[in-house]
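Written below as structure tokens is the structure these notes are about.
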Amino acid sequence: MSSPSHYRCEKDVVHLLENKKLSLSALRLVHATNHYLDNHPGWHATHMNLADNLGQNRVCTALCSILCQTTGSPGANDIGMIHEGMRDLQDADLFRVLELDGRKLRFRYSHSLAEAATIYKKPKFAMLDCSIIAGLRSPSQVYFYTLAEMVQRQRQPTFYIPRVCPQTEPWSQTKRTWLAAACRIGKLLGHDYVFIPELDDQCEQIVAVKVKIVHHATQWSPLCLFPRRAVEPVSIVANGKSRTLTRQELGKRSRWTSVSGSAPVRRQQGAIHGSAAAVRTSP
């Protein structure tokens, strides 16, 4: 059974947020409001998307202290996360209403966020642990955590790093940040990772980076985990540490089914209760 800090996050919410370049406080606030709705049966995102009718309130009210306890920094005794999150969400088109009312926060999702949070038949979703989100220290760590959680129950879990683009966020400039995030999340979830850059059709620029997850329950086959050859360097994260493989090292690993030669030990945290296919973010 999930703990009170868990909440169900729909696949479309994960991918909507990954396309927004949000600050840490903004991400924490969005996840805190989503957790609040998920844990209060009288409210749900679909309700916020209905037309306004006389006598029907579409704006949810929550105590700021509850939201800060959900995803705020452990031990923090103020509502700095709320103030910073509200400021950074002004132009994100995720809320129709987001305002303070004394000790309370009043919020209503935008059409896009409410639609993304709507539950459909045979949904794909992640069960996120807000206590983990509260302990993360950068937006990239939050994004990496949610994407890894989304797919980790697949036999061969794979996802793409968001917003990789040669013009705006080239891999050469963001690689260190994402590898550091993977080291942090890998320790928390008991994962190892393989990072595989992909080139455009002209084989000139990196336009996507695929991440493959390995843990004790994955079922990678020989020749499936590591590419036989790669034009761009392949990086790995094993036991919470990252490094880039030489061509010789990559060639020796073609039939490996684990990152470090032995299966990692998976910790029982943040377990997924849904799954999703690997989704490639358009650059």
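Identifiers for the structure tokens are assigned positionally: chains receive A, B, ... in sequence, residues are indexed from 1 per chain, and ligands are indexed from 1 in the order shown.
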
- Message: Taking only range 1-233 of chain A into account, list the residues labelled strand (DSSP E) by DSSP (computed from the backbone), as a PyMOL selection string.
- Response: chain A and resi 6-10+60-63+95-101+104-109+125-129+158-160+192-199+206-214

- Compile the contact shell of range 76-79 of chain A as JSON, numbers by chain: residues with an atom at most 12 Å away, counting only C-alpha atoms, same-chain residues fewer than 2 positions apart removed. {"A": [25, 29, 63, 64, 65, 66, 67, 68, 69, 70, 71, 72, 73, 74, 81, 82, 83, 84, 85, 86, 100, 102, 103, 104, 105, 134, 135]}

Export N, CA and C atoms of the chosen residues as a short mmCIF file (atom, residue, chain, number, x, y, z; two decimals), in the first residue's frame?
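Result saved to again_23.cif:
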data_model
loop_
_atom_site.label_atom_id
_atom_site.label_comp_id
_atom_site.auth_asym_id
_atom_site.auth_seq_id
_atom_site.Cartn_x
_atom_site.Cartn_y
_atom_site.Cartn_z
N SER A 25 11.02 25.46 -7.12
CA SER A 25 9.85 25.83 -6.30
C SER A 25 8.56 25.68 -7.09
N LEU A 29 5.52 23.20 -6.10
CA LEU A 29 4.16 23.69 -5.87
C LEU A 29 3.14 22.95 -6.73
N LEU A 63 -4.54 24.85 2.78
CA LEU A 63 -3.65 25.52 3.72
C LEU A 63 -2.22 25.50 3.17
N CYS A 64 -1.56 26.65 3.21
CA CYS A 64 -0.18 26.73 2.74
C CYS A 64 0.73 25.79 3.53
N SER A 65 0.45 25.65 4.82
CA SER A 65 1.27 24.79 5.66
C SER A 65 1.21 23.33 5.20
N ILE A 66 0.04 22.90 4.74
CA ILE A 66 -0.11 21.53 4.25
C ILE A 66 0.69 21.33 2.97
N LEU A 67 0.62 22.30 2.06
CA LEU A 67 1.35 22.20 0.80
C LEU A 67 2.85 22.20 1.04
N CYS A 68 3.30 23.05 1.97
CA CYS A 68 4.74 23.09 2.28
C CYS A 68 5.21 21.80 2.93
N GLN A 69 4.37 21.20 3.76
CA GLN A 69 4.73 19.92 4.37
C GLN A 69 4.80 18.80 3.34
N THR A 70 4.11 18.97 2.24
CA THR A 70 4.04 17.93 1.21
C THR A 70 5.32 17.86 0.38
N THR A 71 5.75 19.00 -0.17
CA THR A 71 6.92 18.98 -1.06
C THR A 71 7.97 20.03 -0.70
N GLY A 72 7.75 20.79 0.38
CA GLY A 72 8.73 21.79 0.77
C GLY A 72 9.96 21.16 1.39
N SER A 73 11.02 21.95 1.48
CA SER A 73 12.25 21.44 2.08
C SER A 73 12.00 20.96 3.49
N PRO A 74 12.47 19.78 3.86
CA PRO A 74 12.27 19.26 5.21
C PRO A 74 12.82 20.23 6.25
N MET A 81 8.49 28.54 -0.38
CA MET A 81 8.22 27.75 -1.57
C MET A 81 6.97 28.26 -2.30
N ILE A 82 5.95 28.63 -1.54
CA ILE A 82 4.70 29.11 -2.14
C ILE A 82 4.94 30.41 -2.89
N HIS A 83 5.60 31.37 -2.23
CA HIS A 83 5.86 32.66 -2.86
C HIS A 83 6.72 32.50 -4.11
N GLU A 84 7.79 31.74 -4.03
CA GLU A 84 8.68 31.55 -5.17
C GLU A 84 7.98 30.79 -6.29
N GLY A 85 7.22 29.76 -5.92
CA GLY A 85 6.51 28.98 -6.92
C GLY A 85 5.48 29.81 -7.66
N MET A 86 4.72 30.63 -6.93
CA MET A 86 3.72 31.49 -7.56
C MET A 86 4.36 32.46 -8.53
N LEU A 100 -2.84 33.91 -2.96
CA LEU A 100 -2.81 33.73 -1.52
C LEU A 100 -4.00 34.41 -0.88
N GLY A 102 -4.45 34.93 2.94
CA GLY A 102 -4.00 34.73 4.31
C GLY A 102 -3.10 33.50 4.41
N ARG A 103 -3.53 32.51 5.19
CA ARG A 103 -2.77 31.28 5.36
C ARG A 103 -3.13 30.23 4.32
N LYS A 104 -3.96 30.61 3.36
CA LYS A 104 -4.47 29.65 2.38
C LYS A 104 -4.02 30.00 0.97
N LEU A 105 -3.97 28.98 0.13
CA LEU A 105 -3.71 29.16 -1.29
C LEU A 105 -4.95 28.75 -2.06
N ALA A 134 10.48 16.41 -2.15
CA ALA A 134 10.88 17.42 -1.16
C ALA A 134 12.38 17.41 -0.91
N GLY A 135 13.02 16.26 -1.10
CA GLY A 135 14.44 16.14 -0.82
C GLY A 135 15.33 16.41 -2.02
#

- For Ile161 in chain A: contacts at 8 Å, only C-alpha atoms, fewer than 3 positions along chain excluded, given as a ChimeraX atom specification: /A:144,164,208-211,281

Grab the residues selected above and save them as an mmCIF file, in the first residue's frame with N, CA and C atoms.
data_model
loop_
_atom_site.group_PDB
_atom_site.id
_atom_site.type_symbol
_atom_site.label_atom_id
_atom_site.label_comp_id
_atom_site.auth_asym_id
_atom_site.auth_seq_id
_atom_site.Cartn_x
_atom_site.Cartn_y
_atom_site.Cartn_z
ATOM 1 N N PHE A 144 13.951 14.129 -13.833
ATOM 2 C CA PHE A 144 14.517 12.795 -14.027
ATOM 3 C C PHE A 144 13.780 11.777 -13.155
ATOM 4 N N VAL A 164 16.112 18.371 -25.149
ATOM 5 C CA VAL A 164 17.431 18.394 -25.778
ATOM 6 C C VAL A 164 17.299 19.030 -27.159
ATOM 7 N N ALA A 208 18.474 14.182 -29.482
ATOM 8 C CA ALA A 208 17.763 13.425 -28.447
ATOM 9 C C ALA A 208 18.775 12.586 -27.677
ATOM 10 N N VAL A 209 18.429 12.289 -26.424
ATOM 11 C CA VAL A 209 19.264 11.420 -25.604
ATOM 12 C C VAL A 209 18.358 10.393 -24.934
ATOM 13 N N LYS A 210 18.554 9.129 -25.304
ATOM 14 C CA LYS A 210 17.770 8.030 -24.741
ATOM 15 C C LYS A 210 18.420 7.552 -23.452
ATOM 16 N N VAL A 211 17.576 7.274 -22.446
ATOM 17 C CA VAL A 211 18.057 6.730 -21.175
ATOM 18 C C VAL A 211 17.430 5.357 -20.968
ATOM 19 N N THR A 281 10.610 13.547 -26.553
ATOM 20 C CA THR A 281 10.228 14.950 -26.560
ATOM 21 C C THR A 281 10.773 15.609 -27.802
#

- Task: One decimal, Å: what's the distance from CA of Gly261 in chain A over to CA of His191 in chain A, could you say?
- Result: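 CA of His191 in chain A lies at a distance of 13.5 Å from CA of Gly261 in chain A.
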
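Between CA of Leu179 in chain A and CA of Ser242 in chain A lies a distance of 6.4 Å.
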
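Computed from the coordinates, the CA of Arg87 in chain A to CA of Glu99 in chain A distance equals 10.4 Å.
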